[in-house]
$ cat query_27.txt   # compact mmCIF, C-alpha atoms and all ligand atoms
# COMPACT_ATOMS: atom_id res chain seq x y z
CA MET K 1 -174.06 -29.28 -171.44
CA LYS K 2 -172.80 -32.78 -170.71
CA LYS K 3 -173.73 -33.86 -174.19
CA ARG K 4 -171.96 -30.84 -175.69
CA LEU K 5 -168.80 -31.66 -173.81
CA ALA K 6 -168.96 -35.25 -174.90
CA ILE K 7 -169.34 -34.15 -178.50
CA LEU K 8 -166.41 -31.75 -178.15
CA ILE K 9 -164.22 -34.44 -176.64
CA LEU K 10 -165.20 -36.76 -179.45
CA ALA K 11 -164.48 -34.02 -181.98
CA GLY K 12 -161.08 -33.42 -180.40
CA PHE K 13 -160.37 -37.11 -180.40
CA LEU K 14 -161.38 -37.46 -184.03
CA ALA K 15 -159.39 -34.38 -185.03
CA GLY K 16 -156.37 -35.85 -183.25
CA GLY K 17 -156.93 -39.14 -185.02
CA VAL K 18 -157.28 -37.46 -188.38
CA SER K 19 -154.10 -35.45 -187.78
CA ALA K 20 -152.28 -38.60 -186.79
CA LEU K 21 -153.60 -40.38 -189.84
CA GLY K 22 -152.57 -37.42 -191.99
CA LEU K 23 -149.07 -37.57 -190.56
CA TYR K 24 -148.95 -41.30 -191.06
CA MET K 25 -150.00 -40.90 -194.68
CA LEU K 26 -147.53 -38.04 -195.26
CA GLN K 27 -144.74 -40.21 -193.98
CA ASN K 28 -145.81 -43.23 -195.92
CA THR K 29 -146.43 -41.77 -199.35
CA ASN K 30 -143.54 -41.43 -201.78
CA PRO K 31 -141.47 -44.12 -200.11
CA GLY K 32 -137.79 -43.59 -200.75
CA PRO K 33 -134.70 -42.13 -199.18
CA LYS K 34 -136.31 -38.72 -198.70
CA GLN K 35 -139.22 -40.12 -196.72
CA VAL K 36 -138.00 -39.21 -193.24
CA SER K 37 -136.63 -35.76 -193.96
CA SER K 38 -139.72 -34.65 -195.88
CA GLY K 39 -141.91 -35.83 -193.00
CA LYS K 40 -139.86 -33.75 -190.58
CA ALA K 41 -139.98 -30.63 -192.69
CA LEU K 42 -143.77 -30.61 -192.81
CA ILE K 43 -144.33 -29.91 -189.12
CA GLY K 44 -143.01 -26.82 -187.39
CA GLY K 45 -141.24 -23.77 -188.71
CA PRO K 46 -140.80 -20.09 -188.01
CA PHE K 47 -143.13 -18.26 -185.64
CA LYS K 48 -143.28 -14.99 -183.72
CA LEU K 49 -145.24 -15.05 -180.47
CA THR K 50 -145.29 -13.62 -176.95
CA GLU K 51 -144.36 -15.68 -173.90
CA HIS K 52 -146.49 -15.67 -170.74
CA THR K 53 -143.75 -13.51 -169.20
CA GLY K 54 -144.37 -10.86 -171.85
CA ARG K 55 -141.13 -11.61 -173.73
CA ARG K 56 -141.34 -11.72 -177.53
CA VAL K 57 -139.98 -15.01 -178.89
CA THR K 58 -139.41 -16.91 -182.12
CA GLU K 59 -138.58 -20.54 -182.89
CA GLU K 60 -134.90 -19.55 -182.46
CA ASP K 61 -135.42 -19.06 -178.71
CA PHE K 62 -136.21 -22.76 -178.36
CA LYS K 63 -133.26 -24.08 -180.36
CA GLY K 64 -130.95 -26.31 -178.36
CA ARG K 65 -133.80 -27.81 -176.36
CA PHE K 66 -136.34 -30.50 -177.08
CA THR K 67 -139.86 -29.10 -177.03
CA LEU K 68 -143.25 -30.67 -176.52
CA VAL K 69 -145.59 -28.42 -178.47
CA TYR K 70 -149.29 -28.40 -177.78
CA PHE K 71 -151.97 -26.04 -179.14
CA GLY K 72 -155.12 -25.30 -177.15
CA TYR K 73 -156.78 -22.59 -175.07
CA THR K 74 -157.11 -21.74 -171.42
CA PHE K 75 -160.90 -21.69 -171.40
CA CYS K 76 -160.99 -25.28 -172.68
CA PRO K 77 -163.19 -27.17 -170.23
CA ASP K 78 -161.58 -30.57 -170.45
CA VAL K 79 -159.33 -31.63 -173.31
CA CYS K 80 -156.55 -29.06 -172.85
CA PRO K 81 -156.20 -29.32 -169.08
CA ALA K 82 -156.21 -33.12 -169.35
CA GLU K 83 -153.51 -33.07 -172.00
CA LEU K 84 -151.38 -30.55 -170.09
CA GLN K 85 -151.63 -32.77 -167.03
CA VAL K 86 -150.42 -35.77 -169.02
CA ILE K 87 -147.50 -33.72 -170.37
CA SER K 88 -146.62 -32.50 -166.85
CA ALA K 89 -146.79 -36.00 -165.39
CA ALA K 90 -144.68 -37.43 -168.23
CA LEU K 91 -141.96 -34.80 -167.71
CA ASP K 92 -141.96 -35.40 -163.96
CA GLU K 93 -141.59 -39.11 -164.55
CA LEU K 94 -138.66 -38.53 -166.91
CA GLY K 95 -136.93 -36.81 -163.99
CA LYS K 96 -133.47 -35.43 -164.80
CA LYS K 97 -133.81 -36.44 -168.44
CA GLY K 98 -137.07 -34.56 -168.67
CA GLU K 99 -135.22 -31.32 -167.95
CA LYS K 100 -133.99 -31.39 -171.54
CA VAL K 101 -137.58 -30.93 -172.68
CA THR K 102 -139.49 -27.66 -172.60
CA PRO K 103 -143.27 -28.02 -172.80
CA VAL K 104 -144.83 -25.25 -174.89
CA PHE K 105 -148.53 -24.42 -174.83
CA ILE K 106 -149.62 -22.23 -177.74
CA THR K 107 -153.08 -20.70 -177.59
CA ILE K 108 -155.47 -20.85 -180.52
CA ASP K 109 -157.75 -18.35 -178.74
CA PRO K 110 -155.60 -15.19 -178.64
CA GLU K 111 -158.58 -12.90 -178.10
CA ARG K 112 -159.18 -14.24 -174.59
CA ASP K 113 -155.74 -15.68 -173.91
CA THR K 114 -153.85 -12.52 -173.08
CA VAL K 115 -150.33 -12.63 -171.65
CA GLU K 116 -151.81 -12.20 -168.15
CA GLN K 117 -154.31 -15.01 -168.69
CA MET K 118 -151.59 -17.32 -170.02
CA LYS K 119 -149.32 -16.52 -167.08
CA GLU K 120 -152.01 -17.43 -164.60
CA TYR K 121 -152.96 -20.58 -166.48
CA VAL K 122 -149.51 -22.11 -167.03
CA GLY K 123 -148.91 -21.80 -163.27
CA ASN K 124 -151.43 -24.62 -162.83
CA PHE K 125 -149.20 -27.09 -164.63
CA HIS K 126 -145.53 -28.06 -164.97
CA LYS K 127 -143.05 -25.49 -163.67
CA SER K 128 -141.21 -25.43 -167.00
CA LEU K 129 -144.37 -24.94 -169.08
CA VAL K 130 -144.10 -21.97 -171.45
CA GLY K 131 -147.32 -20.31 -172.61
CA LEU K 132 -147.36 -18.53 -175.95
CA THR K 133 -149.92 -16.11 -177.34
CA GLY K 134 -149.90 -13.40 -179.96
CA SER K 135 -152.02 -11.51 -182.42
CA PRO K 136 -154.67 -13.55 -184.26
CA GLU K 137 -152.41 -13.45 -187.35
CA GLU K 138 -149.36 -14.65 -185.44
CA VAL K 139 -151.34 -17.49 -183.87
CA ARG K 140 -152.80 -18.46 -187.23
CA ALA K 141 -149.32 -18.62 -188.75
CA ALA K 142 -147.96 -20.75 -185.90
CA ALA K 143 -150.91 -23.16 -186.05
CA LYS K 144 -150.51 -23.42 -189.80
CA ALA K 145 -146.83 -24.28 -189.42
CA TYR K 146 -147.79 -27.13 -187.10
CA ARG K 147 -150.81 -28.20 -189.19
CA ILE K 148 -153.20 -27.55 -186.34
CA TYR K 149 -156.86 -27.06 -187.19
CA TYR K 150 -158.91 -24.75 -184.96
CA ALA K 151 -162.15 -22.78 -185.20
CA ARG K 152 -164.60 -21.07 -182.92
CA ALA K 153 -167.51 -23.44 -182.25
CA LYS K 154 -170.28 -22.13 -184.49
CA ASP K 155 -173.35 -22.57 -182.31
CA ASP K 156 -172.00 -20.64 -179.36
CA THR K 157 -173.07 -17.01 -179.13
CA SER K 158 -172.14 -16.24 -175.52
CA THR K 159 -168.78 -14.87 -174.43
CA GLU K 160 -168.08 -18.32 -173.01
CA TYR K 161 -167.66 -19.75 -176.47
CA LEU K 162 -165.81 -22.98 -177.09
CA MET K 163 -163.08 -23.59 -179.62
CA ASP K 164 -162.82 -26.70 -181.72
CA HIS K 165 -159.21 -27.71 -182.14
CA ALA K 166 -156.96 -30.61 -182.97
CA SER K 167 -155.42 -32.05 -179.83
CA ILE K 168 -151.99 -33.39 -180.63
CA VAL K 169 -148.64 -33.16 -178.85
CA TYR K 170 -145.52 -32.79 -180.97
CA LEU K 171 -142.03 -33.70 -179.83
CA MET K 172 -139.58 -31.42 -181.65
CA SER K 173 -135.80 -31.80 -181.73
CA PRO K 174 -133.30 -29.21 -180.43
CA LYS K 175 -133.03 -28.08 -184.06
CA GLY K 176 -136.76 -27.50 -184.21
CA GLU K 177 -137.44 -30.56 -186.33
CA TYR K 178 -140.40 -32.87 -185.93
CA LEU K 179 -139.51 -36.12 -184.14
CA THR K 180 -142.82 -37.72 -183.20
CA HIS K 181 -146.30 -36.92 -181.96
CA PHE K 182 -148.82 -38.16 -179.43
CA ALA K 183 -152.51 -38.26 -180.22
CA TYR K 184 -155.09 -37.18 -177.65
CA GLY K 185 -155.68 -39.95 -175.16
CA THR K 186 -152.05 -41.11 -175.06
CA GLY K 187 -151.31 -42.19 -171.50
CA VAL K 188 -148.45 -40.92 -169.35
CA GLU K 189 -146.42 -44.15 -169.61
CA LYS K 190 -146.65 -44.29 -173.37
CA MET K 191 -145.64 -40.65 -173.65
CA VAL K 192 -142.68 -41.19 -171.30
CA LYS K 193 -141.42 -44.07 -173.45
CA GLY K 194 -142.07 -42.15 -176.65
CA ILE K 195 -140.05 -39.16 -175.46
CA ALA K 196 -137.25 -41.12 -173.77
CA LYS K 197 -136.31 -42.79 -177.07
CA TYR K 198 -135.07 -39.45 -178.37
CA LEU K 199 -133.35 -38.01 -175.31
NI NI K 201 -158.86 -27.78 -175.67
$ encode --input "query_27.txt" --output "structure tokens" --more "lines below"
Ligand code: NI
Amino acid sequence: MKKRLAILILAGFLAGGVSALGLYMLQNTNPGPKQVSSGKALIGGPFKLTEHTGRRVTEEDFKGRFTLVYFGYTFCPDVCPAELQVISAALDELGKKGEKVTPVFITIDPERDTVEQMKEYVGNFHKSLVGLTGSPEEVRAAAKAYRIYYARAKDDTSTEYLMDHASIVYLMSPKGEYLTHFAYGTGVEKMVKGIAKYL
């Protein structure tokens, strides 16, 4: 089991790295005046999901606030809880400024992550954390909009299956536009500085 976890963490780390590299490349190809705006347009977009309170929401409900968007799942043994702890600590450290930022945790495991499950789970982290779930189709569409890879781990047959997923935190503007991202393993201090630049 230890070895499995290590492999999963490595996979998450690599996926994060690949995503970051992909973003870097997207932003650095076709240099020219459109460079920044095209980079922004590639991450994020419309979605329809259900909040951990049971309320149906779309991207419009988050307009006017910065969001830190992170995809994962509540049964994740290590990567997701670690990342959500970093997000929570970073927002706490930002203090008053951090109140402008809403952390959003979107599940990529909607079959197990029901509204009830999400509600219970988000209570373990920052008080402003919003959990989002939905139908498998809705989740797929949201993950696609944010370029997040995920898949059920193939060699797991039990109900306690693991999910492989990219672990990357996006900072989105109050207009819902991509501002920056943090790869898995980014420390609290670095995240605080990275966010504060935009507030
Ligand atoms: Ni995870």
$ residues_around --input "query_27.txt" --residues "Val115 of chain K" --least-positions-apart "4" --cutoff "10 Å" --atoms "only C-alpha atoms" --output "list in words"
Thr50, Glu51, His52, Thr53, Gly54, Arg55, Pro110, Lys119, Glu120, Tyr121, Gly131, Leu132, Thr133 and Gly134 of chain K
$ residues_near_ligand --input "query_27.txt" --ligand "ligand NI 201 (chain K)" --cutoff "8 Å" --atoms "only C-alpha atoms and all ligand atoms" --output "PyMOL selection string"
chain K and resi 12+71-81+163-165+167
$ closest_residue --input "query_27.txt" --among "K:Lys63, K:Leu162, K:Leu84, K:Ile43" --to "Gly187 of chain K" --atoms "all atoms listed in the file"
K:Leu84
$ atom_distance --input "query_27.txt" --atom1 "atom CA of Glu160 of chain K" --atom2 "atom CA of Arg112 of chain K"
9.9 Å
$ atom_distance --input "query_27.txt" --atom1 "atom CA of Gly44 of chain K" --atom2 "atom CA of Glu177 of chain K"
6.8 Å
$ closest_residue --input "query_27.txt" --among "K:Gly123, K:Gly176, K:Pro136, K:Gly98" --to "Met191 of chain K" --atoms "only C-alpha atoms"
K:Gly98
$ atom_distance --input "query_27.txt" --atom1 "atom CA of Lys154 of chain K" --atom2 "atom CA of Gln117 of chain K"
23.6 Å
$ closest_residue --input "query_27.txt" --among "K:Leu68, K:Val57, K:Ile106, K:Leu49" --to "His181 of chain K" --atoms "all atoms listed in the file"
K:Leu68
$ closest_residue --input "query_27.txt" --among "K:Ser88, K:Arg56, K:Ala142, K:Glu116" --to "Ser128 of chain K" --atoms "all atoms listed in the file"
K:Ser88
$ axis_aligned_box --input "query_27.txt" --around "segment 58-74 of chain K" --padding-each-side "4 Å" --output "AutoDock Vina command-line options"
--center_x -144.0 --center_y -23.8 --center_z -177.2 --size_x 34.2 --size_y 21.8 --size_z 19.5
$ closest_residue --input "query_27.txt" --among "K:Ala196, K:Ile168, K:Ala183, K:Ile108" --to "Ala151 of chain K" --atoms "only C-alpha atoms"
K:Ile108
